[in-house]
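Remarks on the structure that follows.
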Amino acid sequence: MGLISEVLLLPFAPVRGSGWAIRQVLKEAERIYYDPATIRAELARLEEQLEAGEITEEEFDRQEDELLDRLETATRTGAGTGDGTGPR
């Protein structure tokens, strides 16, 4: 960008900075969401809840399917590896 456009766009710098920050937060949240270790820990907690009688078998099956789908997506796309190739 030229000097004139930089000067004209200067009042919008906070908006551009906020957009960048939001993108970074979303990227990190997505990395954590698709992290295989996180998903496996959630599966273990889910099984503990079932064994403790905190959830029904049907609820366990539903949540387990969701977590396994997420794990499949993570392993298929390489998400959670920090390589930036997570799902979009």
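Letters for chains follow the order of the structure tokens (A, B, ...), residue numbers begin at 1 for each chain, and ligand numbers begin at 1 in the order shown.
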Would you please give, as a ChimeraX atom specification, all residues of chain A that DSSP assigns to alpha helix (DSSP H) based on the backbone?
/A:3-9,13-33,36-51,57-77
Å distance separating CA of Glu58 (chain A) from CA of Arg45 (chain A), one decimal place
15.8 Å
Excluding same-chain residues fewer than 5 positions from Glu66 (chain A), what lies within 12 Å of it counting only C-alpha atoms, as a ChimeraX atom specification?
/A:34,39,42-43,46,59-61,71-73
From the list A:Arg31, A:Arg23, A:Arg40, A:Arg16, which residue is nearest Glu64 (chain A) when using only C-alpha atoms?
A:Arg40
To one decimal place in Å, what is the distance between CA of Ile22 (chain A) and CA of Leu68 (chain A)?
28.0 Å
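Proximity of A:Ala37, A:Glu51, A:Thr56, A:Arg62 to Thr75 (chain A), computed with only C-alpha atoms, is greatest for A:Ala37.
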CA of Thr38 (chain A) to CA of Arg70 (chain A), straight-line distance in Å:
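Pair CA of Arg70 (chain A) / CA of Thr38 (chain A) returns 10.5 Å.
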